[in-house]
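Containing compact mmCIF, C-alpha atoms: run16.txt.
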# COMPACT_ATOMS: atom_id res chain seq x y z
CA MET A 1 0.51 -92.04 4.11
CA GLU A 2 -0.05 -95.49 2.59
CA SER A 3 2.80 -98.01 2.37
CA ARG A 4 3.13 -100.25 -0.73
CA VAL A 5 4.86 -103.65 -1.00
CA LEU A 6 5.81 -105.88 -3.97
CA THR A 7 4.01 -109.17 -4.41
CA GLY A 8 6.00 -112.35 -4.14
CA ALA A 9 5.31 -113.30 -7.80
CA PRO A 10 8.45 -113.96 -9.90
CA ALA A 11 9.46 -111.39 -12.50
CA ILE A 12 8.33 -112.09 -16.07
CA ARG A 13 10.46 -110.61 -18.78
CA GLY A 14 8.66 -107.84 -20.61
CA LEU A 15 5.96 -107.44 -18.05
CA PRO A 16 5.98 -104.98 -15.20
CA PHE A 17 5.90 -106.08 -11.60
CA ILE A 18 2.39 -106.36 -10.24
CA ARG A 19 1.94 -104.24 -7.12
CA LYS A 20 -0.94 -104.53 -4.72
CA PRO A 21 -1.80 -102.15 -1.94
CA ALA A 22 -0.86 -103.40 1.49
CA ALA A 23 -2.91 -102.91 4.60
CA ARG A 24 -2.71 -99.69 6.49
CA PHE A 25 0.17 -98.97 8.80
CA THR A 26 -1.50 -100.38 11.89
CA ALA A 27 -2.55 -103.55 10.12
CA SER A 28 0.94 -104.19 8.70
CA CYS A 29 2.33 -103.93 12.19
CA GLY A 30 0.06 -106.65 13.47
CA ALA A 31 -1.35 -104.39 16.16
CA PRO A 32 -4.37 -105.73 18.02
CA ALA A 33 -7.57 -103.76 18.01
CA LEU A 34 -7.86 -101.62 21.12
CA LYS A 35 -10.74 -102.41 23.43
CA SER A 36 -12.37 -99.66 25.42
CA THR A 37 -12.12 -100.38 29.15
CA GLY A 38 -13.46 -97.07 30.35
CA THR A 39 -13.91 -93.43 29.52
CA PHE A 40 -11.35 -90.77 30.22
CA ASN A 41 -12.64 -88.22 32.63
CA ASP A 42 -11.30 -84.71 32.89
CA GLY A 43 -7.87 -85.21 34.36
CA GLY A 44 -6.07 -82.59 36.37
CA ASN A 45 -3.54 -81.24 38.73
CA LEU A 46 -2.98 -83.44 41.75
CA ILE A 47 -2.20 -81.66 45.11
CA TRP A 48 0.46 -83.21 47.25
CA ARG A 49 0.84 -81.69 50.70
CA ASN A 50 -0.94 -78.45 49.83
CA GLN A 51 0.66 -78.24 46.46
CA LEU A 52 -0.76 -78.93 42.59
CA ARG A 53 0.62 -81.70 40.41
CA PRO A 54 -0.45 -83.09 36.95
CA ALA A 55 -2.58 -86.27 36.93
CA ILE A 56 -5.03 -88.08 34.64
CA LEU A 57 -7.96 -90.04 35.99
CA LEU A 58 -9.50 -93.03 34.28
CA GLU A 59 -13.15 -93.27 35.13
CA ALA A 60 -13.95 -96.89 35.82
CA SER A 61 -16.54 -98.62 33.70
CA ALA A 62 -19.15 -100.99 35.04
CA ALA A 63 -16.79 -103.92 34.56
CA ALA A 64 -13.99 -102.07 36.26
CA VAL A 65 -16.13 -101.58 39.34
CA VAL A 66 -16.31 -105.34 39.78
CA SER A 67 -12.63 -105.78 39.05
CA PRO A 68 -10.78 -102.54 39.90
CA VAL A 69 -7.48 -103.77 38.44
CA THR A 70 -7.64 -103.47 34.66
CA LYS A 71 -4.97 -104.73 32.31
CA ARG A 72 -3.48 -102.49 29.67
CA GLU A 73 -2.99 -104.03 26.26
CA TYR A 74 0.55 -103.86 24.99
CA LEU A 75 0.94 -102.33 21.53
CA PRO A 76 4.04 -103.78 19.85
CA PRO A 77 6.11 -101.25 17.91
CA CYS A 78 6.22 -101.43 14.14
CA PRO A 79 9.58 -102.23 12.56
CA ALA A 80 9.69 -98.81 10.92
CA ALA A 81 8.82 -97.07 14.15
CA ALA A 82 11.35 -99.13 16.06
CA SER A 83 14.10 -98.29 13.62
CA SER A 84 13.26 -94.60 13.65
CA SER A 85 13.18 -94.70 17.44
CA ALA A 86 16.60 -96.32 17.48
CA GLU A 87 17.93 -93.69 15.12
CA GLY A 88 16.47 -90.95 17.30
CA SER A 89 18.10 -92.40 20.40
CA ASP A 90 21.51 -92.19 18.78
CA SER A 91 21.24 -88.45 18.37
CA SER A 92 20.88 -87.19 21.91
CA GLY A 93 19.14 -83.84 22.18
CA PRO A 94 20.20 -80.99 24.40
CA VAL A 95 20.05 -81.81 28.10
CA GLY A 96 18.03 -79.38 30.22
CA PHE A 97 19.59 -77.47 33.10
CA PHE A 98 17.64 -79.32 35.78
CA GLN A 99 18.44 -82.70 34.22
CA LYS A 100 22.11 -81.78 34.09
CA TYR A 101 22.26 -80.58 37.70
CA PRO A 102 19.72 -82.62 39.74
CA ALA A 103 21.43 -81.64 43.01
CA ILE A 104 20.31 -78.02 42.47
CA VAL A 105 16.70 -79.17 42.18
CA THR A 106 17.01 -81.15 45.41
CA GLY A 107 18.60 -78.11 47.06
CA PHE A 108 15.68 -75.92 46.01
CA PHE A 109 13.34 -78.58 47.34
CA PHE A 110 14.78 -78.47 50.84
CA PHE A 111 15.23 -74.67 50.72
CA MET A 112 11.49 -74.23 50.26
CA TYR A 113 10.92 -76.04 53.55
CA PHE A 114 13.25 -73.54 55.19
CA LEU A 115 10.99 -70.80 53.79
CA ASN A 116 8.03 -72.59 55.37
CA VAL A 117 9.76 -72.54 58.77
CA ILE A 118 10.38 -68.77 58.46
CA PHE A 119 6.76 -68.23 57.41
CA ASN A 120 5.40 -70.11 60.43
CA ILE A 121 7.60 -68.24 62.89
CA LEU A 122 6.88 -64.77 61.46
CA ASN A 123 3.19 -65.59 61.09
CA LYS A 124 2.86 -66.53 64.77
CA LYS A 125 4.77 -63.42 65.86
CA ILE A 126 2.22 -61.30 64.00
CA TYR A 127 -0.67 -63.10 65.70
CA ASN A 128 0.88 -62.38 69.10
CA TYR A 129 0.19 -58.64 68.59
CA PHE A 130 -2.40 -58.70 65.79
CA PRO A 131 -4.85 -61.64 66.33
CA TYR A 132 -6.91 -61.28 63.16
CA PRO A 133 -6.39 -64.45 61.08
CA TYR A 134 -9.03 -63.67 58.42
CA PHE A 135 -7.39 -60.37 57.54
CA VAL A 136 -3.85 -61.84 57.67
CA SER A 137 -4.98 -64.66 55.36
CA VAL A 138 -6.15 -62.03 52.87
CA ILE A 139 -2.76 -60.30 53.13
CA HIS A 140 -0.95 -63.59 52.40
CA LEU A 141 -2.89 -64.02 49.18
CA PHE A 142 -2.85 -60.32 48.27
CA VAL A 143 0.97 -60.12 48.40
CA GLY A 144 1.18 -63.30 46.31
CA VAL A 145 -1.27 -61.99 43.71
CA ALA A 146 0.64 -58.69 43.51
CA TYR A 147 3.85 -60.67 42.97
CA CYS A 148 2.17 -62.65 40.15
CA LEU A 149 0.82 -59.52 38.45
CA VAL A 150 4.25 -57.88 38.49
CA SER A 151 5.77 -61.08 37.09
CA TRP A 152 3.22 -61.07 34.26
CA VAL A 153 3.95 -57.41 33.46
CA VAL A 154 7.69 -58.06 33.07
CA GLY A 155 7.02 -61.33 31.23
CA LEU A 156 8.51 -63.73 33.78
CA PRO A 157 6.57 -65.83 33.13
CA LYS A 158 4.38 -64.81 30.25
CA ARG A 159 0.73 -64.85 31.27
CA ALA A 160 -1.12 -67.89 29.97
CA PRO A 161 -4.66 -67.22 28.67
CA ILE A 162 -7.60 -68.73 30.56
CA ASP A 163 -11.03 -69.58 29.16
CA SER A 164 -14.42 -70.03 30.83
CA ASN A 165 -14.17 -73.83 30.86
CA LEU A 166 -10.88 -73.84 32.75
CA LEU A 167 -12.16 -71.13 35.08
CA LYS A 168 -15.15 -73.30 36.02
CA LEU A 169 -12.80 -76.17 36.83
CA LEU A 170 -10.45 -74.01 38.90
CA ILE A 171 -13.12 -72.31 41.04
CA PRO A 172 -13.80 -75.37 43.28
CA VAL A 173 -10.04 -75.90 43.68
CA ALA A 174 -9.52 -72.26 44.67
CA VAL A 175 -12.49 -72.25 47.08
CA CYS A 176 -11.10 -75.30 48.91
CA HIS A 177 -7.65 -73.69 48.86
CA ALA A 178 -9.07 -70.51 50.41
CA LEU A 179 -11.04 -72.38 53.09
CA GLY A 180 -8.06 -74.54 54.02
CA HIS A 181 -5.76 -71.55 54.17
CA VAL A 182 -8.07 -69.45 56.36
CA THR A 183 -8.85 -72.26 58.80
CA SER A 184 -5.14 -73.05 59.11
CA ASN A 185 -4.48 -69.45 60.10
CA VAL A 186 -7.38 -69.46 62.58
CA SER A 187 -5.73 -72.47 64.22
CA PHE A 188 -2.28 -70.82 64.15
CA ALA A 189 -3.71 -67.79 65.93
CA ALA A 190 -5.62 -69.83 68.53
CA VAL A 191 -3.06 -72.46 69.63
CA ALA A 192 0.66 -73.16 69.50
CA VAL A 193 2.06 -73.62 65.97
CA SER A 194 3.55 -76.96 67.02
CA PHE A 195 0.11 -78.26 68.02
CA THR A 196 -1.52 -77.08 64.76
CA HIS A 197 1.11 -78.93 62.74
CA THR A 198 0.66 -82.01 64.91
CA VAL A 199 -3.06 -82.04 64.09
CA LYS A 200 -2.31 -81.32 60.42
CA ALA A 201 -0.18 -84.47 60.42
CA LEU A 202 -3.56 -86.23 60.03
CA GLU A 203 -3.80 -84.92 56.46
CA PRO A 204 -2.52 -88.22 54.93
CA PHE A 205 -5.32 -90.04 56.76
CA PHE A 206 -7.96 -87.80 55.19
CA ASN A 207 -6.32 -88.13 51.77
CA ALA A 208 -6.30 -91.93 52.03
CA ALA A 209 -9.93 -91.99 53.19
CA ALA A 210 -11.00 -89.75 50.30
CA SER A 211 -9.09 -91.87 47.77
CA GLN A 212 -10.66 -95.07 49.10
CA PHE A 213 -14.27 -94.04 49.72
CA ILE A 214 -14.83 -91.09 47.35
CA LEU A 215 -12.58 -91.77 44.35
CA GLY A 216 -12.85 -95.55 44.67
CA GLN A 217 -9.10 -96.12 44.56
CA GLN A 218 -7.88 -99.16 46.47
CA ILE A 219 -5.47 -98.21 49.27
CA PRO A 220 -3.01 -100.97 50.28
CA PHE A 221 -3.42 -102.37 53.78
CA THR A 222 0.19 -101.42 54.63
CA LEU A 223 -0.65 -97.75 54.05
CA TRP A 224 -3.67 -97.95 56.34
CA LEU A 225 -1.53 -99.69 58.95
CA SER A 226 1.09 -96.92 58.81
CA LEU A 227 -1.60 -94.32 59.53
CA ALA A 228 -2.54 -95.88 62.87
CA PRO A 229 0.43 -94.30 64.73
CA VAL A 230 -0.53 -90.90 63.26
CA VAL A 231 -4.06 -91.09 64.67
CA ILE A 232 -2.83 -92.42 68.04
CA GLY A 233 -0.07 -89.81 68.29
CA VAL A 234 -2.34 -86.87 67.48
CA SER A 235 -4.88 -88.13 70.03
CA MET A 236 -2.21 -88.39 72.73
CA ALA A 237 -0.82 -84.94 71.96
CA SER A 238 -4.28 -83.33 71.95
CA MET A 239 -5.29 -84.70 75.35
CA THR A 240 -2.45 -82.99 77.23
CA GLU A 241 -1.63 -80.00 74.98
CA LEU A 242 -1.24 -76.98 77.25
CA SER A 243 -2.44 -74.51 74.60
CA PHE A 244 -5.39 -76.69 73.54
CA ASN A 245 -8.71 -75.07 72.69
CA TRP A 246 -11.53 -76.29 70.48
CA THR A 247 -11.25 -73.38 68.05
CA GLY A 248 -7.67 -74.27 67.18
CA PHE A 249 -8.31 -78.02 67.02
CA ILE A 250 -11.50 -77.87 64.93
CA SER A 251 -10.00 -75.28 62.56
CA ALA A 252 -6.98 -77.50 61.92
CA MET A 253 -9.29 -80.46 61.22
CA ILE A 254 -11.40 -78.37 58.80
CA SER A 255 -8.17 -77.36 57.08
CA ASN A 256 -7.27 -81.05 56.59
CA ILE A 257 -10.68 -81.78 55.08
CA SER A 258 -10.53 -78.69 52.84
CA PHE A 259 -7.14 -79.58 51.39
CA THR A 260 -8.34 -83.14 50.84
CA TYR A 261 -11.29 -81.91 48.78
CA ARG A 262 -8.92 -79.56 46.97
CA SER A 263 -7.04 -82.66 45.83
CA ILE A 264 -10.25 -84.29 44.63
CA TYR A 265 -11.39 -81.25 42.63
CA SER A 266 -7.93 -80.61 41.21
CA LYS A 267 -7.92 -84.06 39.62
CA LYS A 268 -10.83 -82.92 37.46
CA ALA A 269 -9.05 -79.76 36.33
CA MET A 270 -6.73 -81.10 33.67
CA THR A 271 -4.79 -78.38 31.90
CA ASP A 272 -1.60 -77.95 29.94
CA MET A 273 -0.96 -74.64 31.67
CA ASP A 274 2.38 -74.36 33.47
CA SER A 275 2.36 -74.61 37.26
CA THR A 276 3.36 -70.97 37.83
CA ASN A 277 0.42 -69.53 35.90
CA LEU A 278 -1.94 -72.13 37.35
CA TYR A 279 -1.06 -71.24 40.93
CA ALA A 280 -1.38 -67.54 40.08
CA TYR A 281 -4.96 -67.98 38.86
CA ILE A 282 -5.86 -70.09 41.90
CA SER A 283 -4.41 -67.40 44.19
CA ILE A 284 -6.48 -64.69 42.48
CA ILE A 285 -9.72 -66.66 42.84
CA ALA A 286 -8.88 -67.60 46.46
CA LEU A 287 -8.22 -63.93 47.29
CA ILE A 288 -11.65 -62.95 45.96
CA VAL A 289 -13.21 -65.71 48.10
CA CYS A 290 -11.38 -64.64 51.29
CA ILE A 291 -12.14 -60.90 51.20
CA PRO A 292 -15.89 -60.95 52.09
CA PRO A 293 -15.61 -63.07 55.30
CA ALA A 294 -12.63 -60.98 56.45
CA ILE A 295 -14.66 -57.77 56.06
CA ILE A 296 -17.77 -59.23 57.70
CA ILE A 297 -16.09 -61.03 60.62
CA GLU A 298 -13.15 -58.78 61.45
CA GLY A 299 -13.83 -55.50 59.60
CA PRO A 300 -15.58 -53.60 62.43
CA GLN A 301 -12.99 -54.65 65.03
CA LEU A 302 -10.10 -53.72 62.75
CA LEU A 303 -11.48 -50.23 62.13
CA LYS A 304 -12.33 -49.72 65.77
CA HIS A 305 -9.09 -50.76 67.48
CA GLY A 306 -7.30 -53.59 65.56
CA PHE A 307 -5.00 -51.49 63.39
CA SER A 308 -4.40 -48.83 66.05
CA ASP A 309 -3.47 -51.39 68.71
CA ALA A 310 -0.99 -53.14 66.41
CA ILE A 311 0.65 -49.86 65.37
CA ALA A 312 0.89 -48.77 69.00
CA LYS A 313 2.66 -52.03 69.92
CA VAL A 314 5.23 -52.35 67.11
CA GLY A 315 5.01 -49.17 65.02
CA LEU A 316 3.60 -48.59 61.55
CA THR A 317 6.80 -49.49 59.65
CA LYS A 318 7.29 -52.86 61.35
CA PHE A 319 3.60 -53.67 61.11
CA ILE A 320 3.54 -53.13 57.33
CA SER A 321 6.89 -54.85 56.75
CA ASP A 322 5.83 -57.90 58.80
CA LEU A 323 2.63 -58.26 56.77
CA PHE A 324 4.53 -57.86 53.50
CA TRP A 325 7.24 -60.38 54.31
CA VAL A 326 4.90 -63.00 55.77
CA GLY A 327 2.86 -62.80 52.56
CA MET A 328 6.00 -63.03 50.44
CA PHE A 329 7.33 -66.08 52.31
CA TYR A 330 3.93 -67.75 52.04
CA HIS A 331 3.78 -67.22 48.27
CA LEU A 332 7.41 -68.15 47.59
CA TYR A 333 7.07 -71.36 49.60
CA ASN A 334 3.97 -72.47 47.71
CA GLN A 335 5.35 -71.36 44.34
CA LEU A 336 8.65 -73.19 44.85
CA ALA A 337 6.75 -76.24 46.05
CA THR A 338 4.56 -76.19 42.94
CA ASN A 339 7.53 -75.86 40.58
CA THR A 340 9.93 -78.21 42.37
CA LEU A 341 7.88 -81.14 43.66
CA GLU A 342 7.24 -82.44 40.16
CA ARG A 343 11.00 -82.59 39.52
CA VAL A 344 12.07 -84.70 42.52
CA ALA A 345 11.73 -88.40 43.22
CA PRO A 346 8.87 -89.58 45.45
CA LEU A 347 11.28 -90.78 48.13
CA THR A 348 13.00 -87.37 48.21
CA HIS A 349 9.62 -85.75 48.65
CA ALA A 350 8.78 -88.16 51.49
CA VAL A 351 12.00 -87.35 53.34
CA GLY A 352 11.49 -83.61 52.87
CA ASN A 353 7.90 -83.76 54.05
CA VAL A 354 8.85 -85.48 57.30
CA LEU A 355 11.75 -83.08 57.85
CA LYS A 356 9.39 -80.14 57.33
CA ARG A 357 7.18 -81.29 60.18
CA VAL A 358 10.19 -81.84 62.42
CA PHE A 359 11.75 -78.46 61.60
CA VAL A 360 8.54 -76.44 61.96
CA ILE A 361 7.53 -78.08 65.24
CA GLY A 362 11.06 -77.99 66.67
CA PHE A 363 11.94 -74.43 65.66
CA THR A 364 8.62 -72.96 66.80
CA ILE A 365 9.00 -74.61 70.22
CA LEU A 366 12.51 -73.16 70.54
CA VAL A 367 11.64 -69.67 69.26
CA PHE A 368 8.44 -69.18 71.26
CA GLY A 369 9.49 -71.22 74.30
CA ASN A 370 6.29 -73.26 74.25
CA LYS A 371 6.04 -75.66 77.18
CA ILE A 372 4.82 -79.13 76.25
CA SER A 373 3.93 -82.02 78.51
CA LEU A 374 5.72 -85.36 78.31
CA GLN A 375 2.64 -87.03 76.82
CA THR A 376 2.31 -84.31 74.19
CA GLY A 377 5.96 -84.75 73.23
CA ILE A 378 5.58 -88.53 72.97
CA GLY A 379 2.33 -88.21 71.01
CA THR A 380 3.88 -85.73 68.58
CA SER A 381 6.88 -88.04 68.05
CA ILE A 382 4.60 -91.03 67.39
CA ALA A 383 2.54 -88.99 64.92
CA ILE A 384 5.65 -87.85 63.02
CA ALA A 385 6.98 -91.42 62.96
CA GLY A 386 3.65 -92.53 61.50
CA VAL A 387 3.82 -89.82 58.83
CA ALA A 388 7.36 -91.00 58.00
CA MET A 389 6.20 -94.62 57.63
CA TYR A 390 3.26 -93.60 55.47
CA SER A 391 5.38 -91.30 53.28
CA PHE A 392 8.12 -93.90 52.71
CA ILE A 393 5.66 -96.71 51.88
CA LYS A 394 3.72 -94.44 49.52
CA ALA A 395 6.98 -93.27 47.90
CA LYS A 396 8.04 -96.87 47.29
CA ILE A 397 4.67 -97.63 45.69
CA GLU A 398 4.99 -94.55 43.45
CA GLU A 399 8.53 -95.51 42.41
CA GLU A 400 7.40 -99.04 41.55
CA LYS A 401 4.61 -97.58 39.41
CA GLN A 402 7.09 -95.32 37.61
CA GLN A 403 9.49 -98.20 36.94
CA LEU A 404 6.60 -100.32 35.66
CA LYS A 405 5.52 -97.49 33.37
CA LYS A 406 9.05 -97.08 32.01
CA ALA A 407 9.33 -100.84 31.43

If you convert what's in this file into structure tokens, what do you get?
Amino acid sequence: MESRVLTGAPAIRGLPFIRKPAARFTASCGAPALKSTGTFNDGGNLIWRNQLRPAILLEASAAAVVSPVTKREYLPPCPAAASSSAEGSDSSGPVGFFQKYPAIVTGFFFFMYFLNVIFNILNKKIYNYFPYPYFVSVIHLFVGVAYCLVSWVVGLPKRAPIDSNLLKLLIPVAVCHALGHVTSNVSFAAVAVSFTHTVKALEPFFNAAASQFILGQQIPFTLWLSLAPVVIGVSMASMTELSFNWTGFISAMISNISFTYRSIYSKKAMTDMDSTNLYAYISIIALIVCIPPAIIIEGPQLLKHGFSDAIAKVGLTKFISDLFWVGMFYHLYNQLATNTLERVAPLTHAVGNVLKRVFVIGFTILVFGNKISLQTGIGTSIAIAGVAMYSFIKAKIEEEKQQLKKA
């Protein structure tokens, strides 16, 4: 729509006012011409601690490579837009349920970590009488996919359509998700759960390294400094861990690397799809990826004596119910994490993440009676303290960015 203004010429009796067309809306506002500082790459869903979150990446131009910090030009609001914005602010719209009751969101956030504790305990109990991590990993995803399909049938939520372009973007994310999930379970089956989670405390280090050296994002020196205790603590704990074996250690490290690459690929998979449908599609693809290695690696052993030995030890009913519930807890934890993490403050997430490590390590030691050496205990404590420092510093940086964006 074109705006018109009257000229400043005085009125002459008997003659009409002379009107001349004014400049377009943007010109009348005195807005500067926008300069291109780079090209927008495919944005995506950012994974934070094994979970997907929305993000948009700005691919740096040649000039931005020399100077990574680029300034954004401020676009002053037009008077008309400012007045309409002021009018709109007077009439407050309906407040959403989660905005009205933020404490419920925070409660859900910490409840999902309780689900993670239950999952880890039940998962390790299954491995004590059924040591087949590839097959159990398939069951985790299979129960989750079945849950998603039932939810789509009843319309909670309604299934979002997917096209070939989005599918191509999600396949690398799902492959990394599958690899990280399987290797985590191989480590859980091979060593104590507390030791696996101690090694997985290195995940922030791998994320920071990938951001710095692969994505080209500058990581503050304070963040690197906070990761030093994590590396030292994990090294101390590994040297004297009573349940240590190379299968468990290497599998946990591969899991860290896999989830790091999942974060990288997810940043390229920008989509407006809701988090519930997105995680459902990733679970379906990951399930398809996990089935062949489970059949090839563990299939003959399972048919020969794996299933029969497990049923002889605990009975058919308990065996099936354990597999069902461990899969359900795994899916519910990840689904709640996907839906809730984007609704809490970064500092709240940092506190919850540290508490999760403490709860999982502490409860598994108590439940399974794992004996740990003094050096392992000290190393684990140092690693968790390092994760806490890293999480709090990163949360403060994120909050400063959010406040700057609001300003």

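The interatomic distance for the pair atom CA of Ser151 of chain A and atom CA of Ala280 of chain A works out to 10.1 Å.
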
How many Å lie between atom CA of Val173 of chain A and atom CA of Gln335 of chain A, rounded to one decimal?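 Pair atom CA of Val173 of chain A / atom CA of Gln335 of chain A returns 16.1 Å.
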
For the atom pair atom CA of Val234 of chain A and atom CA of Phe392 of chain A, what is the interatomic distance in Å to one decimal place? 19.4 Å

So, counting only C-alpha atoms, which residue among A:Ile382, A:Leu166, A:Cys290, A:Ile126 is closest to Ile311 of chain A?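 When distances to Ile311 of chain A are compared using only C-alpha atoms, the smallest one comes from A:Ile126.
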
Can you find the residues with an atom no farther than 7 Å from (-4.6, -74.0, 29.4), counting all atoms listed in the file, and report them as an NGL selection string? :A and (161-162 or 271-273)

Given all atoms listed in the file as the counted atoms, nearest of A:Ser263, A:Asn339, A:Ser321, A:Thr380 to Ser211 of chain A: A:Ser263

Show me, as AutoDock Vina command-line options, the centre and edge lengths in Å to one decimal of the axis-aligned box that covers every listed atom of segment 224-229 of chain A with 4 Å on each side.
--center_x -1.3 --center_y -97.0 --center_z 60.5 --size_x 12.8 --size_y 13.4 --size_z 16.4

Write out as a PDB file with C-alpha atoms, in the frame of the given file which residues come within 9 Å of Phe249 of chain A when counting only C-alpha atoms, dropping same-chain ones fewer than 6 positions away.
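Result file is selection_23.pdb:
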ATOM      1  CA  SER A 187      -5.730 -72.470  64.220  1.00  0.00           C
ATOM      2  CA  ALA A 190      -5.620 -69.830  68.530  1.00  0.00           C
ATOM      3  CA  VAL A 191      -3.060 -72.460  69.630  1.00  0.00           C
ATOM      4  CA  PHE A 195       0.110 -78.260  68.020  1.00  0.00           C
ATOM      5  CA  THR A 196      -1.520 -77.080  64.760  1.00  0.00           C
ATOM      6  CA  VAL A 199      -3.060 -82.040  64.090  1.00  0.00           C
ATOM      7  CA  SER A 238      -4.280 -83.330  71.950  1.00  0.00           C
TER       8      SER A 238
END

Ranking A:Ile214, A:Val186, A:Ala337, A:Val136 by minimum distance to Leu302 of chain A and counting only C-alpha atoms, which one comes first?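 Selected residue with least distance to Leu302 of chain A: A:Val136.
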
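Minimum atom-to-atom distance to Asn353 of chain A, evaluated using all atoms listed in the file, belongs to A:Ala201 out of A:Phe244, A:Tyr134, A:Trp152, A:Ala201.
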